[in-house]
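> PDB, C-alpha atoms, file final_19.pdb:
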```
ATOM      1  CA  MET A  15       2.313  -9.816  -7.715  1.00  0.00           C
ATOM      2  CA  ARG A  16       3.946  -6.581  -6.553  1.00  0.00           C
ATOM      3  CA  ALA A  17       2.289  -4.048  -4.262  1.00  0.00           C
ATOM      4  CA  LEU A  18       3.141  -0.702  -2.705  1.00  0.00           C
ATOM      5  CA  LEU A  19       2.110   0.030   0.883  1.00  0.00           C
ATOM      6  CA  LEU A  20       1.865   3.518   2.361  1.00  0.00           C
ATOM      7  CA  GLU A  21       1.863   3.062   6.137  1.00  0.00           C
ATOM      8  CA  GLU A  22       3.229   5.657   8.551  1.00  0.00           C
ATOM      9  CA  ASP A  23       3.024   3.418  11.619  1.00  0.00           C
ATOM     10  CA  PRO A  24       6.331   1.469  11.838  1.00  0.00           C
ATOM     11  CA  VAL A  25       4.758  -1.358  13.837  1.00  0.00           C
ATOM     12  CA  ALA A  26       1.945  -1.881  11.311  1.00  0.00           C
ATOM     13  CA  GLY A  27       4.353  -1.504   8.388  1.00  0.00           C
ATOM     14  CA  THR A  28       6.815  -4.039   9.772  1.00  0.00           C
ATOM     15  CA  ALA A  29       4.008  -6.517  10.439  1.00  0.00           C
ATOM     16  CA  ALA A  30       2.661  -6.067   6.904  1.00  0.00           C
ATOM     17  CA  MET A  31       6.103  -6.593   5.363  1.00  0.00           C
ATOM     18  CA  ALA A  32       6.594  -9.827   7.292  1.00  0.00           C
ATOM     19  CA  GLY A  33       3.059 -11.173   6.830  1.00  0.00           C
ATOM     20  CA  LEU A  34       2.587 -10.347   3.157  1.00  0.00           C
ATOM     21  CA  THR A  35       6.065 -11.444   2.094  1.00  0.00           C
ATOM     22  CA  ARG A  36       5.369 -14.832   3.678  1.00  0.00           C
ATOM     23  CA  GLN A  37       2.265 -14.985   1.476  1.00  0.00           C
ATOM     24  CA  GLY A  38       4.470 -14.602  -1.628  1.00  0.00           C
ATOM     25  CA  LEU A  39       3.873 -10.895  -2.271  1.00  0.00           C
ATOM     26  CA  ALA A  40       6.631  -8.553  -3.405  1.00  0.00           C
ATOM     27  CA  LEU A  41       5.914  -5.560  -1.167  1.00  0.00           C
ATOM     28  CA  ASP A  42       7.486  -2.121  -1.047  1.00  0.00           C
ATOM     29  CA  TRP A  43       6.691  -0.188   2.132  1.00  0.00           C
ATOM     30  CA  VAL A  44       6.950   3.605   2.342  1.00  0.00           C
ATOM     31  CA  GLN A  45       5.951   5.957   5.162  1.00  0.00           C
ATOM     32  CA  THR A  46       5.194   9.273   3.437  1.00  0.00           C
ATOM     33  CA  ALA A  47       3.193  10.483   0.457  1.00  0.00           C
ATOM     34  CA  GLY A  48       6.405  11.796  -1.107  1.00  0.00           C
ATOM     35  CA  GLN A  49       8.052   8.380  -0.911  1.00  0.00           C
ATOM     36  CA  PHE A  50       4.851   6.868  -2.328  1.00  0.00           C
ATOM     37  CA  ASP A  51       5.006   9.108  -5.413  1.00  0.00           C
ATOM     38  CA  ALA A  52       8.719   8.407  -5.852  1.00  0.00           C
ATOM     39  CA  ALA A  53       8.095   4.652  -5.728  1.00  0.00           C
ATOM     40  CA  LEU A  54       5.333   4.917  -8.341  1.00  0.00           C
ATOM     41  CA  ALA A  55       7.668   6.884 -10.613  1.00  0.00           C
ATOM     42  CA  ARG A  56      10.334   4.188 -10.616  1.00  0.00           C
ATOM     43  CA  GLN A  57       8.355   0.943 -10.369  1.00  0.00           C
ATOM     44  CA  GLY A  58       5.136  -0.562 -11.744  1.00  0.00           C
ATOM     45  CA  TYR A  59       2.715  -2.089  -9.225  1.00  0.00           C
ATOM     46  CA  ASP A  60      -0.211  -4.483  -9.442  1.00  0.00           C
ATOM     47  CA  CYS A  61      -1.913  -3.112  -6.350  1.00  0.00           C
ATOM     48  CA  LEU A  62      -1.644  -0.143  -3.962  1.00  0.00           C
ATOM     49  CA  LEU A  63      -2.314  -0.322  -0.217  1.00  0.00           C
ATOM     50  CA  LEU A  64      -3.192   2.879   1.643  1.00  0.00           C
ATOM     51  CA  GLY A  65      -2.887   2.706   5.438  1.00  0.00           C
ATOM     52  CA  LEU A  66      -4.906   5.484   7.026  1.00  0.00           C
ATOM     53  CA  ARG A  67      -4.071   7.343  10.187  1.00  0.00           C
ATOM     54  CA  PRO A  68      -6.841   8.768  12.396  1.00  0.00           C
ATOM     55  CA  LEU A  69      -8.255  11.918  10.778  1.00  0.00           C
ATOM     56  CA  ASP A  70      -5.991  11.373   7.771  1.00  0.00           C
ATOM     57  CA  VAL A  71      -6.778  13.945   5.084  1.00  0.00           C
ATOM     58  CA  GLU A  72      -3.585  13.227   3.113  1.00  0.00           C
ATOM     59  CA  GLY A  73      -5.182  10.009   1.827  1.00  0.00           C
ATOM     60  CA  PHE A  74      -7.878  11.978   0.039  1.00  0.00           C
ATOM     61  CA  THR A  75      -5.364  14.166  -1.786  1.00  0.00           C
ATOM     62  CA  LEU A  76      -3.177  11.223  -2.718  1.00  0.00           C
ATOM     63  CA  LEU A  77      -6.063   9.183  -4.133  1.00  0.00           C
ATOM     64  CA  GLU A  78      -7.575  12.093  -6.036  1.00  0.00           C
ATOM     65  CA  THR A  79      -4.184  12.902  -7.573  1.00  0.00           C
ATOM     66  CA  LEU A  80      -3.709   9.297  -8.672  1.00  0.00           C
ATOM     67  CA  ARG A  81      -7.090   9.044 -10.361  1.00  0.00           C
ATOM     68  CA  ARG A  82      -6.867  12.512 -11.898  1.00  0.00           C
ATOM     69  CA  ARG A  83      -3.671  11.602 -13.724  1.00  0.00           C
ATOM     70  CA  GLY A  84      -5.224   8.406 -15.069  1.00  0.00           C
ATOM     71  CA  ASP A  85      -3.586   5.886 -12.740  1.00  0.00           C
ATOM     72  CA  ASP A  86      -6.220   3.163 -12.285  1.00  0.00           C
ATOM     73  CA  THR A  87      -4.041   0.711 -10.331  1.00  0.00           C
ATOM     74  CA  PRO A  88      -6.294  -1.170  -7.885  1.00  0.00           C
ATOM     75  CA  LEU A  89      -6.141   0.454  -4.444  1.00  0.00           C
ATOM     76  CA  ILE A  90      -7.181  -1.022  -1.097  1.00  0.00           C
ATOM     77  CA  VAL A  91      -7.700   1.159   1.971  1.00  0.00           C
ATOM     78  CA  LEU A  92      -6.497  -0.227   5.321  1.00  0.00           C
ATOM     79  CA  SER A  93      -8.150   1.545   8.230  1.00  0.00           C
ATOM     80  CA  ALA A  94      -9.415   1.386  11.800  1.00  0.00           C
ATOM     81  CA  PRO A  95     -13.114   0.637  12.434  1.00  0.00           C
ATOM     82  CA  SER A  96     -13.584   4.228  13.674  1.00  0.00           C
ATOM     83  CA  GLN A  97     -12.803   5.593  10.208  1.00  0.00           C
ATOM     84  CA  THR A  98     -15.986   4.389   8.492  1.00  0.00           C
ATOM     85  CA  ALA A  99     -16.963   7.790   7.111  1.00  0.00           C
ATOM     86  CA  MET A 100     -13.484   8.283   5.659  1.00  0.00           C
ATOM     87  CA  ILE A 101     -13.582   4.840   4.044  1.00  0.00           C
ATOM     88  CA  VAL A 102     -16.876   5.649   2.336  1.00  0.00           C
ATOM     89  CA  SER A 103     -15.479   8.936   1.004  1.00  0.00           C
ATOM     90  CA  LEU A 104     -12.352   7.218  -0.342  1.00  0.00           C
ATOM     91  CA  LEU A 105     -14.434   4.530  -2.053  1.00  0.00           C
ATOM     92  CA  ASP A 106     -16.474   7.296  -3.683  1.00  0.00           C
ATOM     93  CA  ARG A 107     -13.243   8.927  -4.870  1.00  0.00           C
ATOM     94  CA  GLY A 108     -11.916   5.814  -6.588  1.00  0.00           C
ATOM     95  CA  ALA A 109     -10.605   3.354  -3.989  1.00  0.00           C
ATOM     96  CA  ASP A 110     -11.469  -0.222  -4.970  1.00  0.00           C
ATOM     97  CA  ASP A 111     -11.813  -1.990  -1.607  1.00  0.00           C
ATOM     98  CA  PHE A 112     -11.075  -1.684   2.108  1.00  0.00           C
ATOM     99  CA  LEU A 113      -9.996  -3.868   5.008  1.00  0.00           C
ATOM    100  CA  LEU A 114     -10.051  -3.105   8.712  1.00  0.00           C
ATOM    101  CA  LYS A 115      -6.899  -3.139  10.825  1.00  0.00           C
ATOM    102  CA  PRO A 116      -5.377  -5.298  12.195  1.00  0.00           C
ATOM    103  CA  CYS A 117      -5.389  -7.069   8.838  1.00  0.00           C
ATOM    104  CA  ASP A 118      -5.695 -10.758   8.175  1.00  0.00           C
ATOM    105  CA  PHE A 119      -2.969 -11.069   5.553  1.00  0.00           C
ATOM    106  CA  GLN A 120      -4.504 -14.102   3.869  1.00  0.00           C
ATOM    107  CA  GLU A 121      -7.732 -12.159   3.395  1.00  0.00           C
ATOM    108  CA  LEU A 122      -5.825  -9.139   2.111  1.00  0.00           C
ATOM    109  CA  MET A 123      -4.022 -11.319  -0.446  1.00  0.00           C
ATOM    110  CA  ALA A 124      -7.360 -12.809  -1.533  1.00  0.00           C
ATOM    111  CA  ARG A 125      -8.819  -9.326  -2.017  1.00  0.00           C
ATOM    112  CA  MET A 126      -5.830  -8.269  -4.107  1.00  0.00           C
ATOM    113  CA  ARG A 127      -6.142 -11.381  -6.273  1.00  0.00           C
ATOM    114  CA  ALA A 128      -9.850 -10.671  -6.756  1.00  0.00           C
ATOM    115  CA  LEU A 129      -9.117  -7.107  -7.886  1.00  0.00           C
ATOM    116  CA  LEU A 130      -6.488  -8.358 -10.324  1.00  0.00           C
ATOM    117  CA  ARG A 131      -8.910 -10.924 -11.754  1.00  0.00           C
ATOM    118  CA  ARG A 132     -11.488  -8.219 -12.365  1.00  0.00           C
ATOM    119  CA  ALA A 133      -8.859  -5.977 -13.950  1.00  0.00           C
ATOM    120  CA  SER A 134      -7.596  -8.789 -16.189  1.00  0.00           C
ATOM    121  CA  LYS A 135     -11.100  -9.410 -17.522  1.00  0.00           C
ATOM    122  CA  ALA A 136     -11.134  -5.838 -18.790  1.00  0.00           C
ATOM    123  CA  GLU A 137      -7.774  -6.279 -20.503  1.00  0.00           C
ATOM    124  CA  PRO A 138      -7.322  -8.640 -23.444  1.00  0.00           C
ATOM    125  CA  LYS A 139      -3.705  -9.438 -22.500  1.00  0.00           C
ATOM    126  CA  THR A 140      -3.324 -11.107 -19.116  1.00  0.00           C
ATOM    127  CA  ALA A 141       0.350 -12.070 -19.430  1.00  0.00           C
ATOM    128  CA  LEU A 142       3.511 -10.007 -19.728  1.00  0.00           C
ATOM    129  CA  LEU A 143       5.218 -11.019 -22.969  1.00  0.00           C
ATOM    130  CA  HIS A 144       8.707 -10.742 -24.418  1.00  0.00           C
ATOM    131  CA  GLY A 145       9.180 -12.981 -27.418  1.00  0.00           C
ATOM    132  CA  PRO A 146       8.924 -16.634 -26.256  1.00  0.00           C
ATOM    133  CA  LEU A 147       8.742 -15.531 -22.604  1.00  0.00           C
ATOM    134  CA  GLU A 148       5.355 -15.258 -20.870  1.00  0.00           C
ATOM    135  CA  LEU A 149       4.902 -14.076 -17.293  1.00  0.00           C
ATOM    136  CA  HIS A 150       1.526 -14.700 -15.684  1.00  0.00           C
ATOM    137  CA  VAL A 151       1.685 -12.379 -12.696  1.00  0.00           C
ATOM    138  CA  GLU A 152      -1.420 -13.519 -10.853  1.00  0.00           C
ATOM    139  CA  GLY A 153      -0.295 -17.146 -10.696  1.00  0.00           C
ATOM    140  CA  ARG A 154       3.439 -16.309 -10.562  1.00  0.00           C
ATOM    141  CA  LEU A 155       3.999 -18.547 -13.579  1.00  0.00           C
ATOM    142  CA  ALA A 156       6.791 -18.221 -16.146  1.00  0.00           C
ATOM    143  CA  VAL A 157       6.491 -19.935 -19.537  1.00  0.00           C
ATOM    144  CA  TRP A 158       9.400 -20.271 -22.001  1.00  0.00           C
ATOM    145  CA  HIS A 159       8.680 -21.459 -25.551  1.00  0.00           C
ATOM    146  CA  GLY A 160       5.400 -22.887 -24.247  1.00  0.00           C
ATOM    147  CA  VAL A 161       6.983 -24.793 -21.345  1.00  0.00           C
ATOM    148  CA  PRO A 162       6.454 -23.732 -17.678  1.00  0.00           C
ATOM    149  CA  VAL A 163       9.689 -22.851 -15.870  1.00  0.00           C
ATOM    150  CA  PRO A 164       9.778 -23.088 -12.047  1.00  0.00           C
ATOM    151  CA  LEU A 165      11.038 -19.891 -10.416  1.00  0.00           C
ATOM    152  CA  THR A 166      11.588 -18.800  -6.835  1.00  0.00           C
ATOM    153  CA  MET A 167       9.701 -15.712  -5.681  1.00  0.00           C
ATOM    154  CA  LYS A 168      12.697 -13.428  -6.042  1.00  0.00           C
ATOM    155  CA  GLU A 169      13.650 -14.830  -9.435  1.00  0.00           C
ATOM    156  CA  PHE A 170      10.114 -14.082 -10.600  1.00  0.00           C
ATOM    157  CA  TRP A 171      10.130 -10.585  -9.086  1.00  0.00           C
ATOM    158  CA  LEU A 172      13.407  -9.705 -10.815  1.00  0.00           C
ATOM    159  CA  LEU A 173      12.264 -11.035 -14.171  1.00  0.00           C
ATOM    160  CA  GLU A 174       8.924  -9.261 -13.821  1.00  0.00           C
ATOM    161  CA  ALA A 175      10.706  -5.948 -13.191  1.00  0.00           C
ATOM    162  CA  LEU A 176      12.779  -6.395 -16.349  1.00  0.00           C
ATOM    163  CA  VAL A 177       9.789  -7.350 -18.502  1.00  0.00           C
ATOM    164  CA  ARG A 178       7.597  -4.503 -17.226  1.00  0.00           C
ATOM    165  CA  GLN A 179      10.340  -2.023 -18.095  1.00  0.00           C
ATOM    166  CA  ARG A 180      11.819  -3.798 -21.093  1.00  0.00           C
ATOM    167  CA  SER A 181      12.615  -0.582 -22.936  1.00  0.00           C
ATOM    168  CA  ARG A 182      14.763   0.702 -20.061  1.00  0.00           C
ATOM    169  CA  VAL A 183      18.096  -0.225 -18.555  1.00  0.00           C
ATOM    170  CA  LEU A 184      17.612  -1.076 -14.871  1.00  0.00           C
ATOM    171  CA  THR A 185      20.421  -0.201 -12.499  1.00  0.00           C
ATOM    172  CA  ARG A 186      21.622  -2.533  -9.749  1.00  0.00           C
ATOM    173  CA  SER A 187      19.818  -0.322  -7.214  1.00  0.00           C
ATOM    174  CA  GLN A 188      16.507  -0.563  -9.070  1.00  0.00           C
ATOM    175  CA  ILE A 189      16.803  -4.341  -9.306  1.00  0.00           C
ATOM    176  CA  GLU A 190      17.643  -4.589  -5.612  1.00  0.00           C
ATOM    177  CA  ASP A 191      14.440  -2.646  -4.915  1.00  0.00           C
ATOM    178  CA  SER A 192      12.549  -5.260  -6.939  1.00  0.00           C
ATOM    179  CA  LEU A 193      14.103  -8.057  -4.903  1.00  0.00           C
ATOM    180  CA  TYR A 194      13.938  -6.677  -1.396  1.00  0.00           C
ATOM    181  CA  GLY A 195      11.962  -3.453  -1.183  1.00  0.00           C
ATOM    182  CA  TRP A 196      13.176  -0.171   0.217  1.00  0.00           C
ATOM    183  CA  GLY A 197      15.637  -0.138   3.076  1.00  0.00           C
ATOM    184  CA  ASP A 198      16.549  -3.833   3.122  1.00  0.00           C
ATOM    185  CA  GLU A 199      20.214  -4.780   2.918  1.00  0.00           C
ATOM    186  CA  THR A 200      21.488  -6.948   0.077  1.00  0.00           C
ATOM    187  CA  GLY A 201      24.752  -8.754  -0.532  1.00  0.00           C
ATOM    188  CA  SER A 202      27.337  -7.276  -2.863  1.00  0.00           C
ATOM    189  CA  ASN A 203      26.727  -9.916  -5.554  1.00  0.00           C
ATOM    190  CA  THR A 204      23.023 -10.617  -4.948  1.00  0.00           C
ATOM    191  CA  VAL A 205      21.871  -9.217  -8.284  1.00  0.00           C
ATOM    192  CA  GLU A 206      24.512 -11.118 -10.241  1.00  0.00           C
ATOM    193  CA  VAL A 207      23.528 -14.373  -8.546  1.00  0.00           C
ATOM    194  CA  TYR A 208      19.882 -14.028  -9.556  1.00  0.00           C
ATOM    195  CA  ILE A 209      20.766 -12.862 -13.079  1.00  0.00           C
ATOM    196  CA  HIS A 210      22.985 -15.950 -13.450  1.00  0.00           C
ATOM    197  CA  ARG A 211      20.179 -18.236 -12.275  1.00  0.00           C
ATOM    198  CA  LEU A 212      17.697 -16.739 -14.742  1.00  0.00           C
ATOM    199  CA  ARG A 213      20.112 -17.027 -17.649  1.00  0.00           C
ATOM    200  CA  LYS A 214      20.690 -20.659 -16.749  1.00  0.00           C
ATOM    201  CA  LYS A 215      16.949 -21.396 -16.648  1.00  0.00           C
ATOM    202  CA  PHE A 216      16.108 -19.523 -19.864  1.00  0.00           C
ATOM    203  CA  SER A 217      18.909 -18.292 -22.118  1.00  0.00           C
ATOM    204  CA  ASN A 218      22.205 -16.442 -21.805  1.00  0.00           C
ATOM    205  CA  GLN A 219      20.765 -13.884 -24.225  1.00  0.00           C
ATOM    206  CA  LEU A 220      17.610 -13.206 -22.187  1.00  0.00           C
ATOM    207  CA  ILE A 221      19.259 -10.626 -19.927  1.00  0.00           C
ATOM    208  CA  VAL A 222      21.963  -8.322 -21.256  1.00  0.00           C
ATOM    209  CA  THR A 223      24.600  -6.689 -19.043  1.00  0.00           C
ATOM    210  CA  LEU A 224      25.447  -3.106 -20.005  1.00  0.00           C
ATOM    211  CA  ARG A 225      28.690  -2.354 -18.202  1.00  0.00           C
ATOM    212  CA  GLY A 226      28.561   0.657 -15.958  1.00  0.00           C
ATOM    213  CA  MET A 227      24.822   1.004 -16.515  1.00  0.00           C
ATOM    214  CA  GLY A 228      22.840  -2.068 -15.507  1.00  0.00           C
ATOM    215  CA  TYR A 229      20.706  -4.771 -17.075  1.00  0.00           C
ATOM    216  CA  GLN A 230      18.082  -5.014 -19.793  1.00  0.00           C
ATOM    217  CA  LEU A 231      16.153  -7.735 -21.587  1.00  0.00           C
ATOM    218  CA  GLY A 232      17.861  -8.997 -24.729  1.00  0.00           C
ATOM    219  CA  LYS A 233      16.406  -8.438 -28.184  1.00  0.00           C
ATOM    220  CA  ILE A 234      13.587 -10.776 -29.111  1.00  0.00           C
ATOM    221  CA  SER A 235      15.438 -11.844 -32.256  1.00  0.00           C
ATOM    222  CA  ALA A 236      18.310 -13.132 -30.078  1.00  0.00           C
ATOM    223  CA  ILE A 237      16.121 -15.309 -27.846  1.00  0.00           C
ATOM    224  CA  GLU A 238      13.516 -16.679 -30.282  1.00  0.00           C
ATOM    225  CA  ALA A 239      15.656 -19.587 -31.480  1.00  0.00           C
TER     226      ALA A 239
END
```
Would you mind writing the structure in this file as structure tokens?

Amino acid sequence: MRALLLEEDPVAGTAAMAGLTRQGLALDWVQTAGQFDAALARQGYDCLLLGLRPLDVEGFTLLETLRRRGDDTPLIVLSAPSQTAMIVSLLDRGADDFLLKPCDFQELMARMRALLRRASKAEPKTALLHGPLELHVEGRLAVWHGVPVPLTMKEFWLLEALVRQRSRVLTRSQIEDSLYGWGDETGSNTVEVYIHRLRKKFSNQLIVTLRGMGYQLGKISAIEA
């Protein structure tokens, strides 16, 4: 599962990154509405987390813009107890749930899973598919030719990014964002290491290297055998 958090407070954002990553969530944390929009433009998310400041009116505009353009990604509001009236207004405008700060990260994860279950019931396809590859995001399960394949969290996150954007070539920078989120440092060969591991677990043809450009899933005809 991958989520995007908008949280201006660096203390709350750092705590959320640490707590939710330990729970197995791939989390990107941004601190402004502009960064939030940029993240949505370059990455698909299963859930959005909106941290409210006191008297935050920017949250209203952001949520209304999302829903107006047809983005129905589940969104959870994170707020202080004093912001009850604002929470109610955001729920009326299309937010799906709320949780009071400071957050219990296990409860937040449970709420995200519940929202994804409800969303999956409305969609006939609950797995991401590419030929013989199936990715079940909610359970972080990969299946290859009908056989489950154990993956680490970061292996799953990388593969999920490639499958979600299978028609595009992902650059090293975009893949690093999938692995670590914005602002985290990565080793010079981190991407290659994870690509090598995935090829070893599935097929050398599953992920194609396009020199000078990046990586993309291989053609289904090349991996079906």
> Work out how far apart CA of Met227 in chain A and CA of Thr185 in chain A are and give it in Å to one decimal.
6.1 Å
> Just checking: using all atoms listed in the file, which residue out of A:Ala141, A:Glu121, A:Leu172, A:Ile221 ends up closest to Tyr208 in chain A?
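When distances to Tyr208 in chain A are compared using all atoms listed in the file, the smallest one comes from A:Leu172.
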> Determine the nearest neighbour of Ile189 in chain A from the options A:Glu238, A:Lys215, A:Tyr229, A:Val222, counting all atoms listed in the file.
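Among the listed residues, A:Tyr229 lies closest to Ile189 in chain A.
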> Just checking: using all atoms listed in the file, which residue out of A:Leu184, A:Ala26, A:Leu105, A:Leu39 ends up closest to Gly153 in chain A?
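The shortest atom-to-atom distance to Gly153 in chain A comes from A:Leu39.
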> Pick out the closest residue to Val177 in chain A from this set: A:Met126, A:Asn218, A:Asp191, A:Ile234. Count all atoms listed in the file.
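When distances to Val177 in chain A are compared using all atoms listed in the file, the smallest one comes from A:Ile234.
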> Let me know the residues the PyMOL selection byres ((chain A and resi 31-36) around 9) catches in the file above, as a count of residues only.
18
> Evaluate the PyMOL selection byres ((chain A and resi 156) around 12) on the structure here and hand back the selected residues as a ChimeraX atom specification.
/A:141-144,146-155,157-167,169-171,173-174,177,212,215-216
> Please report the interatomic distance between CA of Arg225 in chain A and CA of Val183 in chain A in Å with one decimal.
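Computing it gives 10.8 Å between the two atoms.
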> Just checking: using all atoms listed in the file, which residue out of A:Cys117, A:Leu66, A:Leu20, A:Gly58 ends up closest to Gln45 in chain A?
A:Leu20
> Report the distance between CA of Val44 in chain A and CA of Asp60 in chain A in Å, rounded to one decimal place.
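Result for CA of Val44 in chain A versus CA of Asp60 in chain A: 16.0 Å, one decimal.
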> Run the PyMOL selection byres ((chain A and resi 79-96) around 7) on the file and write out the hits as a list in words.
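Given this file, the PyMOL selection byres ((chain A and resi 79-96) around 7) evaluates to Asp60, Cys61, Leu62, Leu63, Leu64, Gly65, Leu66, Thr75, Leu76, Leu77, Glu78, Gln97, Thr98, Gly108, Ala109, Asp110, Asp111, Phe112, Leu113, Leu114, Lys115 and Leu129 of chain A.
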> So, with only C-alpha atoms as the atoms that count, which of A:Arg56, A:Ala99, A:Arg180, A:Leu104 lies closest to Glu72 in chain A?
A:Leu104
> Excluding Gln57 in chain A and residues on its chain fewer than 6 positions from it, collect all residues at most 9 Å away from it, counting all atoms listed in the file, and give them as a list in words.
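After dropping sequence-adjacent residues, the list is Ala175, Arg178, Gln179, Gln188, Asp191 and Ser192 of chain A.
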> Neighbours of Thr204 in chain A within 10 Å (all atoms listed in the file; same-chain residues fewer than 6 positions away dropped), as a ChimeraX atom specification?
/A:186,189-190,193
